[in-house]
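Below is one structure, written out as structure tokens, with a few remarks after it.
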Amino acid sequence: MNNFVLNKVLILLIFLYGLKANDSNLKKGIDFFKGDIEEALEVANKEDKLIFIEFYASWCGVCKKLKKETFKDKEVGDFYNQHFINLKYNAEKGEGRYLAQQFNVRAYPTLIYLNENGKILGKFTGFKAPFPFIQQGKIFTANR
């Protein structure tokens, strides 16, 4: 009897894990590029996309809210993954610190849009909910 119950519990756990994995695939948000900005520019040129960069700080509450509520939104991910090479940098560490100086980042989060040649198209600070964030991105994709 114990093996029977154990097998049922194991099957239930596997089933629930499968549902959770399926659910996370349905709610996919922004895919952030794993390379550096030079590599992102190359890919943007090849794929005819723009570049989106988020500069954040680890202690920034608004940055965390943006990540949780906007960047993980499925519609945001669908739009930004289709039209942009997406980058994010901690503005207080490594390459992020250097790039934040180059882009004159003074507040967090700072959201920057570049063309495929690295020219700044727009620079914004603060939180954006999913719908306004998509609309903001559409401004730059419409002018291509």
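In the structure tokens, chains take letters A, B, ... by order of appearance, with residues numbered from 1 within each chain and ligands from 1 in the order shown.
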
* To do: Name all residues at most 10 Å from Asn117 of chain A (count only C-alpha atoms; drop same-chain ones fewer than 2 positions away) and give them as a VMD selection string.
  => chain A and resid 41 to 42 44 to 45 50 to 51 114 to 115 119 to 120

Create the file for the chosen residues now, containing N, CA and C atoms and written as an mmCIF file, in the first residue's frame.
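Result file follows (selection_15.cif):
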```
data_model
loop_
_atom_site.group_PDB
_atom_site.id
_atom_site.type_symbol
_atom_site.label_atom_id
_atom_site.label_comp_id
_atom_site.auth_asym_id
_atom_site.auth_seq_id
_atom_site.Cartn_x
_atom_site.Cartn_y
_atom_site.Cartn_z
ATOM 1 N N LEU A 41 25.124 45.056 -31.493
ATOM 2 C CA LEU A 41 25.047 45.911 -32.677
ATOM 3 C C LEU A 41 25.207 45.095 -33.955
ATOM 4 N N GLU A 42 26.098 44.120 -33.943
ATOM 5 C CA GLU A 42 26.278 43.243 -35.104
ATOM 6 C C GLU A 42 24.996 42.464 -35.400
ATOM 7 N N ALA A 44 21.961 43.234 -34.433
ATOM 8 C CA ALA A 44 20.919 44.185 -34.835
ATOM 9 C C ALA A 44 21.039 44.515 -36.324
ATOM 10 N N ASN A 45 22.256 44.695 -36.798
ATOM 11 C CA ASN A 45 22.462 44.957 -38.228
ATOM 12 C C ASN A 45 22.037 43.775 -39.078
ATOM 13 N N LEU A 50 16.370 47.160 -33.876
ATOM 14 C CA LEU A 50 16.888 48.233 -33.035
ATOM 15 C C LEU A 50 17.442 47.619 -31.757
ATOM 16 N N ILE A 51 18.027 48.473 -30.920
ATOM 17 C CA ILE A 51 18.576 48.019 -29.641
ATOM 18 C C ILE A 51 17.829 48.720 -28.514
ATOM 19 N N LEU A 114 18.445 52.533 -29.250
ATOM 20 C CA LEU A 114 19.482 52.846 -30.229
ATOM 21 C C LEU A 114 19.087 52.294 -31.592
ATOM 22 N N ASN A 115 19.589 52.930 -32.653
ATOM 23 C CA ASN A 115 19.426 52.298 -33.952
ATOM 24 C C ASN A 115 20.522 51.249 -34.117
ATOM 25 N N LYS A 119 23.300 54.891 -32.659
ATOM 26 C CA LYS A 119 22.836 56.264 -32.426
ATOM 27 C C LYS A 119 21.629 56.231 -31.485
ATOM 28 N N ILE A 120 21.638 57.115 -30.479
ATOM 29 C CA ILE A 120 20.528 57.184 -29.518
ATOM 30 C C ILE A 120 19.280 57.739 -30.199
#
```

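Proximity to Asn104 of chain A at 12 Å, evaluated using only C-alpha atoms and with sequence-adjacent residues fewer than 3 positions away removed, yields A:Phe55, A:Ala91, A:Gly96, A:Arg97, A:Tyr98, A:Leu99, A:Ala100, A:Gln101, A:Ala107, A:Tyr108, A:Thr110, A:Leu111, A:Ile112, A:Ile120, A:Lys123, A:Phe124, A:Thr125.
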
* Those in chain A with helix (DSSP H, G or I) from DSSP, as a PyMOL selection string -> chain A and resi 2-26+37-47+61-71+74-83+94-102+130-142

* Using only C-alpha atoms, which residue out of A:Glu95, A:Cys63, A:Ile30, A:Glu39 lies closest to Glu116 of chain A? -> A:Glu39

Per-residue DSSP, chain A, filtered to strand (DSSP E or B), as a compact mmCIF listing (two decimals) with C-alpha atoms, in the first residue's frame:
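This is the output file states.txt:
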```
# COMPACT_ATOMS: atom_id res chain seq x y z
CA PHE A 32 17.88 39.74 -22.84
CA LEU A 50 16.89 48.23 -33.04
CA ILE A 51 18.58 48.02 -29.64
CA PHE A 52 16.89 48.46 -26.28
CA ILE A 53 19.03 48.89 -23.15
CA GLU A 54 17.95 49.02 -19.53
CA PHE A 55 20.40 50.45 -17.00
CA TYR A 56 19.53 49.43 -13.46
CA PHE A 84 14.79 44.79 -30.60
CA ILE A 85 18.02 43.26 -29.40
CA ASN A 86 17.47 43.71 -25.66
CA LEU A 87 20.30 44.43 -23.24
CA LYS A 88 20.41 45.14 -19.53
CA TYR A 89 23.30 46.42 -17.47
CA ASN A 90 23.92 46.99 -13.81
CA THR A 110 17.21 54.42 -17.54
CA LEU A 111 15.80 53.01 -20.76
CA ILE A 112 17.70 53.74 -23.96
CA TYR A 113 16.77 53.00 -27.56
CA LEU A 114 19.48 52.85 -30.23
CA ILE A 120 20.53 57.18 -29.52
CA LEU A 121 16.91 57.40 -30.64
CA GLY A 122 15.40 57.94 -27.19
CA LYS A 123 16.23 57.96 -23.49
CA PHE A 124 13.71 57.64 -20.64
CA THR A 125 13.81 57.11 -16.89
```

* **Pairwise distance for atom CA of Arg144 of chain A and atom CA of Ala40 of chain A, rounded to one decimal in Å** =>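 Separation of atom CA of Arg144 of chain A and atom CA of Ala40 of chain A: 18.2 Å.
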
* To do: Measuring atom to atom with only C-alpha atoms, identify which of A:His83, A:Lys34, A:Lys93, A:Lys128 is nearest to Glu69 of chain A.
  =>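 For Glu69 of chain A, the nearest of the given residues is A:Lys128.
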
* Shortest interatomic distance to Arg106 of chain A - which of A:Ile139, A:Ala57, A:Ile37, A:Val43, counting only C-alpha atoms ->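 Using only C-alpha atoms, Arg106 of chain A sits closest to A:Ala57.
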
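Atom CA of Val76 of chain A to atom CA of Gly137 of chain A spans 9.5 Å [interatomic distance, one decimal].
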